[in-house]
>>> print(open('input-v1.cif').read())   # mmCIF, C-alpha atoms and all ligand atoms
data_input
#
loop_
_atom_site.label_atom_id
_atom_site.label_comp_id
_atom_site.auth_asym_id
_atom_site.auth_seq_id
_atom_site.Cartn_x
_atom_site.Cartn_y
_atom_site.Cartn_z
CA MET A 1 52.19 52.52 81.19
CA THR A 2 55.49 53.53 82.78
CA GLU A 3 54.02 56.80 83.96
CA LYS A 4 51.02 55.05 85.49
CA LEU A 5 53.27 52.60 87.34
CA ALA A 6 55.47 55.43 88.61
CA LYS A 7 52.41 57.24 89.91
CA VAL A 8 51.21 54.20 91.85
CA ALA A 9 54.72 53.62 93.23
CA GLU A 10 54.88 57.24 94.40
CA ALA A 11 51.48 56.88 96.07
CA MET A 12 52.70 53.76 97.89
CA VAL A 13 55.36 55.86 99.59
CA THR A 14 53.26 58.97 100.24
CA PRO A 15 55.02 60.93 103.01
CA GLY A 16 53.85 59.81 106.45
CA LYS A 17 52.24 56.61 105.10
CA GLY A 18 53.42 53.02 104.80
CA ILE A 19 52.26 49.59 103.71
CA LEU A 20 50.40 47.01 105.77
CA ALA A 21 51.67 43.50 104.97
CA ALA A 22 48.62 41.31 105.56
CA ASP A 23 49.60 38.62 103.06
CA GLU A 24 50.37 35.78 105.47
CA SER A 25 49.97 32.49 103.66
CA THR A 26 47.56 29.95 105.17
CA GLY A 27 50.31 28.35 107.29
CA SER A 28 51.59 31.65 108.69
CA ILE A 29 48.17 33.08 109.54
CA LYS A 30 47.36 29.83 111.33
CA LYS A 31 50.42 30.35 113.54
CA ARG A 32 49.30 33.91 114.32
CA LEU A 33 45.75 32.77 115.18
CA ASP A 34 47.09 29.82 117.20
CA SER A 35 48.91 32.36 119.37
CA ILE A 36 45.54 33.81 120.45
CA ASN A 37 43.84 30.40 120.70
CA THR A 38 41.60 31.09 117.73
CA PRO A 39 40.97 28.40 115.10
CA SER A 40 42.09 29.34 111.60
CA THR A 41 39.04 29.14 109.34
CA GLU A 42 38.09 31.11 106.27
CA GLU A 43 35.74 33.10 108.50
CA THR A 44 38.17 33.88 111.34
CA ARG A 45 40.87 34.88 108.84
CA ARG A 46 38.32 37.18 107.20
CA ASP A 47 37.15 38.62 110.53
CA TYR A 48 40.70 39.31 111.63
CA ARG A 49 41.63 41.08 108.42
CA GLU A 50 38.35 42.94 108.23
CA MET A 51 39.03 44.22 111.76
CA LEU A 52 42.36 45.66 110.55
CA PHE A 53 41.09 47.12 107.27
CA SER A 54 38.15 48.83 108.96
CA ALA A 55 40.36 50.59 111.53
CA LYS A 56 39.36 53.87 109.92
CA GLU A 57 41.78 56.30 111.51
CA GLY A 58 44.89 54.17 111.15
CA MET A 59 44.07 53.08 107.64
CA SER A 60 43.11 56.47 106.24
CA LYS A 61 45.86 58.52 107.87
CA TYR A 62 48.84 56.20 107.88
CA ILE A 63 48.42 53.34 105.41
CA SER A 64 49.11 53.76 101.69
CA GLY A 65 48.63 50.16 100.59
CA VAL A 66 47.77 46.68 101.82
CA ILE A 67 49.40 43.46 100.61
CA LEU A 68 46.83 40.68 100.40
CA PHE A 69 46.93 36.90 100.10
CA ASP A 70 44.95 35.19 97.32
CA GLU A 71 42.11 34.18 99.66
CA THR A 72 41.68 37.71 101.04
CA ILE A 73 41.57 39.54 97.71
CA ARG A 74 38.51 37.42 96.85
CA GLN A 75 36.75 37.75 100.22
CA LYS A 76 33.78 39.84 101.24
CA GLY A 77 33.32 41.45 104.65
CA LYS A 78 30.51 40.53 107.04
CA ASN A 79 28.10 42.95 105.33
CA GLY A 80 28.92 41.68 101.84
CA THR A 81 31.33 44.47 100.84
CA PRO A 82 34.43 43.08 99.10
CA LEU A 83 37.49 43.59 101.31
CA VAL A 84 39.19 45.24 98.33
CA ASP A 85 36.47 47.91 98.33
CA LEU A 86 36.81 48.36 102.07
CA ILE A 87 40.54 49.01 101.62
CA LYS A 88 39.92 51.41 98.74
CA SER A 89 37.33 53.31 100.78
CA THR A 90 40.12 54.25 103.22
CA GLY A 91 42.24 55.62 100.39
CA ALA A 92 44.71 52.72 100.53
CA ILE A 93 45.77 50.73 97.46
CA PRO A 94 45.18 46.96 97.32
CA GLY A 95 48.16 44.76 96.40
CA ILE A 96 48.72 41.02 96.07
CA LYS A 97 51.39 38.51 97.09
CA LEU A 98 52.44 36.72 93.90
CA ASP A 99 55.09 34.28 95.08
CA VAL A 100 54.05 30.82 96.18
CA GLY A 101 56.75 30.51 98.81
CA ALA A 102 60.41 29.74 99.34
CA LYS A 103 61.23 26.15 98.30
CA PRO A 104 64.46 24.14 98.81
CA LEU A 105 67.13 25.13 96.31
CA ALA A 106 68.24 22.10 94.30
CA LEU A 107 71.66 20.78 95.36
CA SER A 108 71.83 23.32 98.20
CA PRO A 109 69.29 21.89 100.63
CA LYS A 110 69.88 24.45 103.39
CA GLU A 111 68.85 27.31 101.11
CA THR A 112 65.69 28.28 99.30
CA VAL A 113 64.59 29.85 96.08
CA THR A 114 61.21 31.52 95.83
CA GLU A 115 58.82 29.97 93.32
CA GLY A 116 55.71 31.16 91.48
CA LEU A 117 56.83 32.14 87.98
CA ASP A 118 54.87 29.43 86.12
CA GLY A 119 51.61 30.84 84.82
CA LEU A 120 52.34 34.20 86.43
CA ARG A 121 51.34 36.26 83.38
CA GLU A 122 47.80 34.81 83.58
CA ARG A 123 47.58 35.17 87.36
CA ILE A 124 48.55 38.82 87.07
CA LYS A 125 45.65 39.42 84.66
CA ASP A 126 43.31 37.81 87.14
CA TYR A 127 44.54 39.94 90.06
CA VAL A 128 44.40 43.16 88.05
CA GLY A 129 40.74 42.28 87.39
CA LEU A 130 40.25 41.86 91.14
CA GLY A 131 41.59 45.37 91.82
CA ALA A 132 45.28 44.86 92.64
CA GLN A 133 47.58 47.71 91.63
CA PHE A 134 50.83 46.38 93.02
CA ALA A 135 52.36 43.06 93.95
CA LYS A 136 54.93 41.51 96.24
CA TRP A 137 57.49 38.68 95.94
CA ARG A 138 59.71 37.70 98.85
CA ALA A 139 63.07 35.99 98.50
CA VAL A 140 64.67 34.52 101.62
CA ILE A 141 68.42 34.62 102.20
CA ASP A 142 69.81 32.72 105.16
CA ILE A 143 73.11 33.47 106.88
CA GLY A 144 74.97 30.44 108.28
CA GLN A 145 78.07 28.29 108.00
CA GLY A 146 79.15 28.86 104.37
CA LEU A 147 75.81 30.54 103.59
CA PRO A 148 74.54 32.21 101.57
CA THR A 149 76.03 30.77 98.39
CA HIS A 150 76.29 32.75 95.19
CA ASN A 151 73.85 30.26 93.68
CA SER A 152 71.12 31.24 96.13
CA ILE A 153 71.77 34.98 95.89
CA HIS A 154 71.73 34.77 92.10
CA ALA A 155 68.74 32.41 91.70
CA ASN A 156 66.62 34.56 94.01
CA ALA A 157 67.63 37.84 92.33
CA HIS A 158 66.91 36.36 88.90
CA ALA A 159 63.46 35.16 89.98
CA LEU A 160 62.69 38.57 91.52
CA ALA A 161 63.66 40.26 88.25
CA ARG A 162 61.51 37.92 86.12
CA TYR A 163 58.58 38.52 88.48
CA ALA A 164 59.11 42.29 88.40
CA ALA A 165 59.21 42.37 84.60
CA LEU A 166 56.00 40.33 84.35
CA CYS A 167 54.32 42.67 86.85
CA GLN A 168 55.22 45.78 84.88
CA GLU A 169 54.14 44.18 81.61
CA GLY A 170 50.78 43.36 83.21
CA GLY A 171 50.33 46.79 84.85
CA LEU A 172 51.32 46.09 88.47
CA VAL A 173 54.01 47.85 90.50
CA PRO A 174 56.35 45.14 91.81
CA ILE A 175 57.57 45.28 95.39
CA VAL A 176 60.87 43.40 95.34
CA GLU A 177 61.67 41.85 98.70
CA PRO A 178 65.05 40.20 99.19
CA GLU A 179 64.95 39.35 102.90
CA VAL A 180 68.22 38.53 104.66
CA LEU A 181 67.00 36.74 107.76
CA MET A 182 67.80 37.85 111.32
CA GLU A 183 68.01 34.24 112.52
CA GLY A 184 71.53 33.22 113.61
CA ASN A 185 74.41 34.39 115.78
CA HIS A 186 76.17 36.44 113.11
CA ASP A 187 77.19 40.03 113.84
CA ILE A 188 75.82 43.16 112.22
CA ASP A 189 78.78 43.46 109.82
CA THR A 190 78.02 40.02 108.39
CA CYS A 191 74.43 41.09 107.82
CA MET A 192 75.77 44.24 106.18
CA LYS A 193 77.98 42.29 103.75
CA VAL A 194 75.25 39.82 102.81
CA SER A 195 72.63 42.55 102.39
CA GLU A 196 74.98 44.49 100.12
CA TRP A 197 75.66 41.38 98.06
CA ALA A 198 71.96 40.51 97.70
CA LEU A 199 70.98 44.07 96.73
CA ASN A 200 73.80 44.45 94.19
CA GLU A 201 72.81 41.21 92.53
CA LEU A 202 69.14 42.23 92.57
CA TYR A 203 69.69 45.58 90.84
CA ARG A 204 71.93 43.94 88.23
CA GLU A 205 69.20 41.39 87.42
CA LEU A 206 66.47 44.05 87.36
CA TYR A 207 68.56 45.96 84.84
CA TYR A 208 69.04 42.91 82.60
CA ALA A 209 65.31 42.17 82.78
CA GLY A 210 64.49 45.71 81.57
CA VAL A 211 62.57 46.64 84.72
CA VAL A 212 61.81 50.37 85.01
CA LEU A 213 63.02 51.30 88.48
CA GLU A 214 60.70 54.31 88.77
CA GLY A 215 57.81 51.84 88.82
CA THR A 216 59.16 49.61 91.61
CA ILE A 217 59.40 49.63 95.41
CA LEU A 218 62.15 47.89 97.37
CA LYS A 219 61.24 45.99 100.53
CA PRO A 220 64.50 45.07 102.25
CA ASN A 221 65.55 43.88 105.68
CA MET A 222 67.31 46.34 107.93
CA VAL A 223 70.98 45.70 108.66
CA VAL A 224 70.85 44.24 112.18
CA SER A 225 72.80 41.85 114.42
CA GLY A 226 71.69 38.22 114.23
CA LYS A 227 69.02 37.40 116.84
CA ASP A 228 71.43 35.18 118.78
CA CYS A 229 74.49 37.39 118.44
CA ALA A 230 75.94 38.23 121.86
CA LYS A 231 76.59 41.83 120.81
CA GLN A 232 73.40 43.58 119.70
CA ALA A 233 74.03 46.77 117.72
CA SER A 234 72.47 50.00 118.94
CA ARG A 235 69.49 51.52 117.14
CA GLU A 236 71.71 54.29 115.78
CA GLU A 237 74.22 51.77 114.39
CA VAL A 238 71.44 49.80 112.70
CA ALA A 239 70.18 52.99 111.08
CA GLU A 240 73.60 54.13 109.95
CA LYS A 241 74.68 50.75 108.52
CA THR A 242 71.35 50.17 106.78
CA VAL A 243 71.47 53.57 105.09
CA THR A 244 75.11 53.01 104.10
CA VAL A 245 74.25 49.75 102.35
CA LEU A 246 71.20 51.22 100.64
CA LYS A 247 73.20 54.19 99.37
CA ARG A 248 75.79 51.81 97.92
CA CYS A 249 73.26 49.62 96.13
CA VAL A 250 69.89 51.26 95.41
CA PRO A 251 69.69 53.71 92.49
CA SER A 252 67.99 57.02 93.23
CA ALA A 253 65.47 56.29 90.44
CA VAL A 254 63.74 53.97 92.95
CA PRO A 255 61.00 56.12 94.50
CA GLY A 256 60.81 54.40 97.83
CA ILE A 257 62.04 51.76 100.20
CA ALA A 258 59.51 50.13 102.52
CA PHE A 259 61.16 47.92 105.13
CA LEU A 260 60.03 44.57 106.47
CA SER A 261 60.23 44.10 110.24
CA GLY A 262 61.58 40.54 110.15
CA GLY A 263 60.86 39.60 113.76
CA GLN A 264 62.07 42.83 115.45
CA SER A 265 60.04 44.11 118.39
CA ASP A 266 57.38 46.66 117.44
CA GLU A 267 59.30 49.47 119.03
CA ASP A 268 62.68 48.51 117.53
CA ALA A 269 61.15 48.43 114.05
CA THR A 270 59.71 51.92 114.62
CA ALA A 271 62.87 53.34 116.22
CA HIS A 272 65.16 52.00 113.50
CA LEU A 273 63.01 53.59 110.80
CA HIS A 274 62.97 56.85 112.73
CA TYR A 275 66.75 57.00 113.12
CA MET A 276 67.23 56.33 109.41
CA ASN A 277 64.92 59.15 108.42
CA ALA A 278 66.56 61.41 111.00
CA ILE A 279 69.84 61.06 109.03
CA GLY A 280 68.10 63.10 106.32
CA ASN A 281 69.03 64.04 102.77
CA LEU A 282 68.20 60.60 101.34
CA PRO A 283 67.51 59.98 97.62
CA TRP A 284 64.43 57.83 98.24
CA LYS A 285 61.51 57.82 100.71
CA LEU A 286 62.04 55.41 103.58
CA THR A 287 58.91 53.91 105.11
CA PHE A 288 57.46 50.70 106.52
CA SER A 289 55.85 47.61 105.02
CA TYR A 290 55.52 45.68 108.24
CA GLY A 291 53.56 42.53 108.93
CA ARG A 292 54.24 41.48 112.49
CA ALA A 293 55.44 44.86 113.79
CA LEU A 294 52.17 46.50 112.69
CA GLN A 295 49.81 43.71 113.65
CA ALA A 296 51.16 42.10 116.82
CA ALA A 297 49.51 44.43 119.36
CA ALA A 298 46.17 44.40 117.52
CA LEU A 299 46.19 40.60 117.24
CA LYS A 300 46.91 40.18 120.94
CA THR A 301 44.12 42.60 121.86
CA TRP A 302 41.56 41.13 119.46
CA LYS A 303 41.85 37.53 120.75
CA GLY A 304 39.29 36.44 118.12
CA LYS A 305 36.40 38.17 119.93
CA ALA A 306 33.94 40.65 118.40
CA GLU A 307 33.78 42.61 121.66
CA ASN A 308 37.52 43.37 121.37
CA VAL A 309 37.36 44.83 117.84
CA ALA A 310 37.39 48.50 118.91
CA ALA A 311 40.29 48.02 121.35
CA ALA A 312 42.26 46.03 118.76
CA GLN A 313 41.70 48.78 116.21
CA SER A 314 43.01 51.38 118.67
CA ALA A 315 46.13 49.25 119.14
CA PHE A 316 46.55 49.08 115.37
CA ASN A 317 45.96 52.83 114.95
CA HIS A 318 48.59 53.58 117.56
CA ARG A 319 51.23 51.36 115.95
CA ALA A 320 50.46 52.80 112.53
CA GLU A 321 50.74 56.34 113.90
CA MET A 322 54.10 55.64 115.56
CA ASN A 323 55.43 54.22 112.29
CA SER A 324 54.06 57.17 110.36
CA LEU A 325 56.01 59.49 112.67
CA ALA A 326 59.10 57.31 112.17
CA ALA A 327 58.67 57.56 108.40
CA SER A 328 59.02 61.32 108.80
CA GLY A 329 61.84 61.16 111.39
CA LYS A 330 59.50 62.61 114.02
CA TRP A 331 59.06 59.65 116.38
CA SER A 332 60.32 59.70 119.95
CA GLN A 333 60.24 57.33 122.87
CA LYS A 334 58.37 60.01 124.76
CA LEU A 335 55.46 59.87 122.28
CA GLU A 336 55.46 56.08 122.56
CA LYS A 337 55.28 56.28 126.35
CA ALA A 338 52.66 59.03 126.37
CA ALA A 339 50.33 56.74 124.45
C1 LIG B 1 53.00 39.14 106.45
O1 LIG B 1 53.99 38.17 106.22
C2 LIG B 1 54.33 38.00 104.85
C3 LIG B 1 54.02 36.67 104.34
O2 LIG B 1 54.66 35.66 104.98
P1 LIG B 1 54.51 34.11 104.50
O3 LIG B 1 54.51 34.06 103.00
O4 LIG B 1 55.74 33.49 105.11
O5 LIG B 1 53.27 33.58 105.07
C4 LIG B 1 55.80 38.41 104.66
O6 LIG B 1 56.29 38.19 103.36
C5 LIG B 1 55.87 39.86 104.91
O7 LIG B 1 55.27 40.59 103.90
C6 LIG B 1 57.27 40.38 105.12
O8 LIG B 1 58.19 39.44 105.54
C7 LIG B 1 57.18 41.48 106.15
O9 LIG B 1 56.57 40.98 107.30
P2 LIG B 1 57.32 41.19 108.68
O10 LIG B 1 56.48 40.45 109.67
O11 LIG B 1 58.70 40.65 108.51
O12 LIG B 1 57.31 42.70 108.88
#
>>> encode(input="input-v1.cif", output="C-alpha cells")
Amino acid sequence: MTEKLAKVAEAMVTPGKGILAADESTGSIKKRLDSINTPSTEETRRDYREMLFSAKEGMSKYISGVILFDETIRQKGKNGTPLVDLIKSTGAIPGIKLDVGAKPLALSPKETVTEGLDGLRERIKDYVGLGAQFAKWRAVIDIGQGLPTHNSIHANAHALARYAALCQEGGLVPIVEPEVLMEGNHDIDTCMKVSEWALNELYRELYYAGVVLEGTILKPNMVVSGKDCAKQASREEVAEKTVTVLKRCVPSAVPGIAFLSGGQSDEDATAHLHYMNAIGNLPWKLTFSYGRALQAAALKTWKGKAENVAAAQSAFNHRAEMNSLAASGKWSQKLEKAA
C-alpha cells in the first residue's frame, strides 16, 4: 500500500505539471459564477468545470491531478461521459476534497477549525469507488491581534493528521493544506513566523498519527506580506523566505509541495513559484495547486457562454503553461508578455 501511495504522490508532482484545484464548495463556486453574471445551477457548474477539464492541451501537458468537490466527482459531461473519465483521458489523476469546511473554534470565536472527520472512513471508501486517488483537506489559519492561538494551530494540525491517516488507510494520498491567510496588514516576517509554527506543528502531528510522508503532498501558502501591509515584499524575497521556512520544517521524505495561490494575482503566483525553483537544489519538487490563479482568466473569458468555450480554454492553457514553466524555474516575464 505504501508503495502505491508513494507512486501516486510522485505522479502528482511530475516535473512540469501541477494540480488544478477545482473543488470550490457550493458557496464559493456561486461567488465565482456571480462574478460573470451566471446563475449557479448544477448544470452551469458542470458546464464550467467540463470546459476546464476538456481543455486538452493544458490538461494533458501541464496538469497532473484535479481536486474535485463531491458534486463534480459524481457528474457526467454533456455527452454522458463521467467527468472523472474525462479527467483520466487527459492523463490527470482525479482527487476529492474531504473536509466539510472551516467552522468556528469553540471558545475562540475569531478562529476556525476544519471539520469533516465524522464518518470519514466510509466516505473515503465511497470516493475510492468513484475513482479518486488522492484527497485534500484545508485548514485555515488567520493572522490578527493575538492570533493565531496555539489552540487553533494545534487543533487544525491534529485534524489534518487524523484525516491524512484515514486517507492512507483507505488508499488515498492526502494533500495536507495548512493555509495561513494573506488577509491583514501584517508584514512578511509575521507570515514567516506563523507559517513556520503551523508547519512544525503539522509535521509533529503527522508523525504521531503514523502518516507515511512519502505518500503525502503538502499544499502550503507562500510566505508573503499581508494584503493590506504598506510594505509589500519583492517576488525574490517571497521566494527566499518561503523556501527558508519549508527547509526548516518539511522533511525531505515528502515528495512534493504544491502551493495554493491564496488570492495572489495570476502573475505573482507564477513568478513566486518560478523564483523558488530558480533557487535550485531543493529536496522536494515545488509546483502549483492553484484554484483562482489557474482559473481566473478562463472564467472571465467564458462568461457562461458556449461560444466562448474555445477562447476560455486557450486562456486556461496559457496560465497552465506559464505555471508549468515556473515549476521548472523556466518562466520569464518576457514569455508572459509574448503570449
Ligand atoms: C478552489 O478553492 C478551494 C476550495 O475552497 P472552499 O472550500 O472555500 O470553497 C480551496 O481549498 C483551494 O483548493 C485552495 O485554497 C487553493 O485555491 P487558491 O484559489 O487559493 O489557489
>>> atom_distance(input="input-v1.cif", atom1="atom CA of Asn79 of chain A", atom2="atom CA of Gly131 of chain A")
19.2 Å
>>> residues_near_ligand(input="input-v1.cif", ligand="ligand LIG 1 (chain B)", cutoff="9 Å", atoms="all atoms listed in the file", output="mmCIF file with C-alpha atoms, keeping the file's coordinate frame")
data_model
loop_
_atom_site.group_PDB
_atom_site.id
_atom_site.type_symbol
_atom_site.label_atom_id
_atom_site.label_comp_id
_atom_site.auth_asym_id
_atom_site.auth_seq_id
_atom_site.Cartn_x
_atom_site.Cartn_y
_atom_site.Cartn_z
ATOM 1 C CA LEU A 20 50.400 47.010 105.770
ATOM 2 C CA ALA A 21 51.670 43.500 104.970
ATOM 3 C CA ALA A 22 48.620 41.310 105.560
ATOM 4 C CA ASP A 23 49.600 38.620 103.060
ATOM 5 C CA GLU A 24 50.370 35.780 105.470
ATOM 6 C CA SER A 25 49.970 32.490 103.660
ATOM 7 C CA THR A 26 47.560 29.950 105.170
ATOM 8 C CA GLY A 27 50.310 28.350 107.290
ATOM 9 C CA SER A 28 51.590 31.650 108.690
ATOM 10 C CA ILE A 29 48.170 33.080 109.540
ATOM 11 C CA ILE A 67 49.400 43.460 100.610
ATOM 12 C CA LEU A 68 46.830 40.680 100.400
ATOM 13 C CA PHE A 69 46.930 36.900 100.100
ATOM 14 C CA LYS A 97 51.390 38.510 97.090
ATOM 15 C CA ASP A 99 55.090 34.280 95.080
ATOM 16 C CA VAL A 100 54.050 30.820 96.180
ATOM 17 C CA GLY A 101 56.750 30.510 98.810
ATOM 18 C CA ALA A 102 60.410 29.740 99.340
ATOM 19 C CA LYS A 136 54.930 41.510 96.240
ATOM 20 C CA TRP A 137 57.490 38.680 95.940
ATOM 21 C CA ARG A 138 59.710 37.700 98.850
ATOM 22 C CA ALA A 139 63.070 35.990 98.500
ATOM 23 C CA GLU A 177 61.670 41.850 98.700
ATOM 24 C CA GLU A 179 64.950 39.350 102.900
ATOM 25 C CA LYS A 219 61.240 45.990 100.530
ATOM 26 C CA ASN A 221 65.550 43.880 105.680
ATOM 27 C CA PHE A 259 61.160 47.920 105.130
ATOM 28 C CA LEU A 260 60.030 44.570 106.470
ATOM 29 C CA SER A 261 60.230 44.100 110.240
ATOM 30 C CA GLY A 262 61.580 40.540 110.150
ATOM 31 C CA GLY A 263 60.860 39.600 113.760
ATOM 32 C CA GLN A 264 62.070 42.830 115.450
ATOM 33 C CA ALA A 269 61.150 48.430 114.050
ATOM 34 C CA PHE A 288 57.460 50.700 106.520
ATOM 35 C CA SER A 289 55.850 47.610 105.020
ATOM 36 C CA TYR A 290 55.520 45.680 108.240
ATOM 37 C CA GLY A 291 53.560 42.530 108.930
ATOM 38 C CA ARG A 292 54.240 41.480 112.490
ATOM 39 C CA ALA A 293 55.440 44.860 113.790
ATOM 40 C CA LEU A 294 52.170 46.500 112.690
ATOM 41 C CA GLN A 295 49.810 43.710 113.650
#
>>> atom_distance(input="input-v1.cif", atom1="atom CA of Glu42 of chain A", atom2="atom CA of Ala306 of chain A")
16.0 Å
>>> residues_around(input="input-v1.cif", residues="Gly329 of chain A", least_positions_apart="5", cutoff="7 Å", atoms="all atoms listed in the file", output="count of residues only")
4
>>> atom_distance(input="input-v1.cif", atom1="atom CA of Pro148 of chain A", atom2="atom CA of Lys193 of chain A")
10.9 Å
>>> axis_aligned_box(input="input-v1.cif", around="segment 208-212 of chain A", padding_each_side="4 Å", output="lines of an AutoDock Vina configuration file")
center_x = 65.4
center_y = 46.3
center_z = 83.3
size_x = 15.2
size_y = 16.2
size_z = 11.4
>>> closest_residue(input="input-v1.cif", among="A:Thr190, A:Thr216, A:Ser152, A:Thr270", to="Ser252 of chain A", atoms="all atoms listed in the file")
A:Thr216
>>> closest_residue(input="input-v1.cif", among="A:Ala55, A:Leu206, A:Ser332, A:Asp189", to="Val224 of chain A", atoms="only C-alpha atoms")
A:Asp189
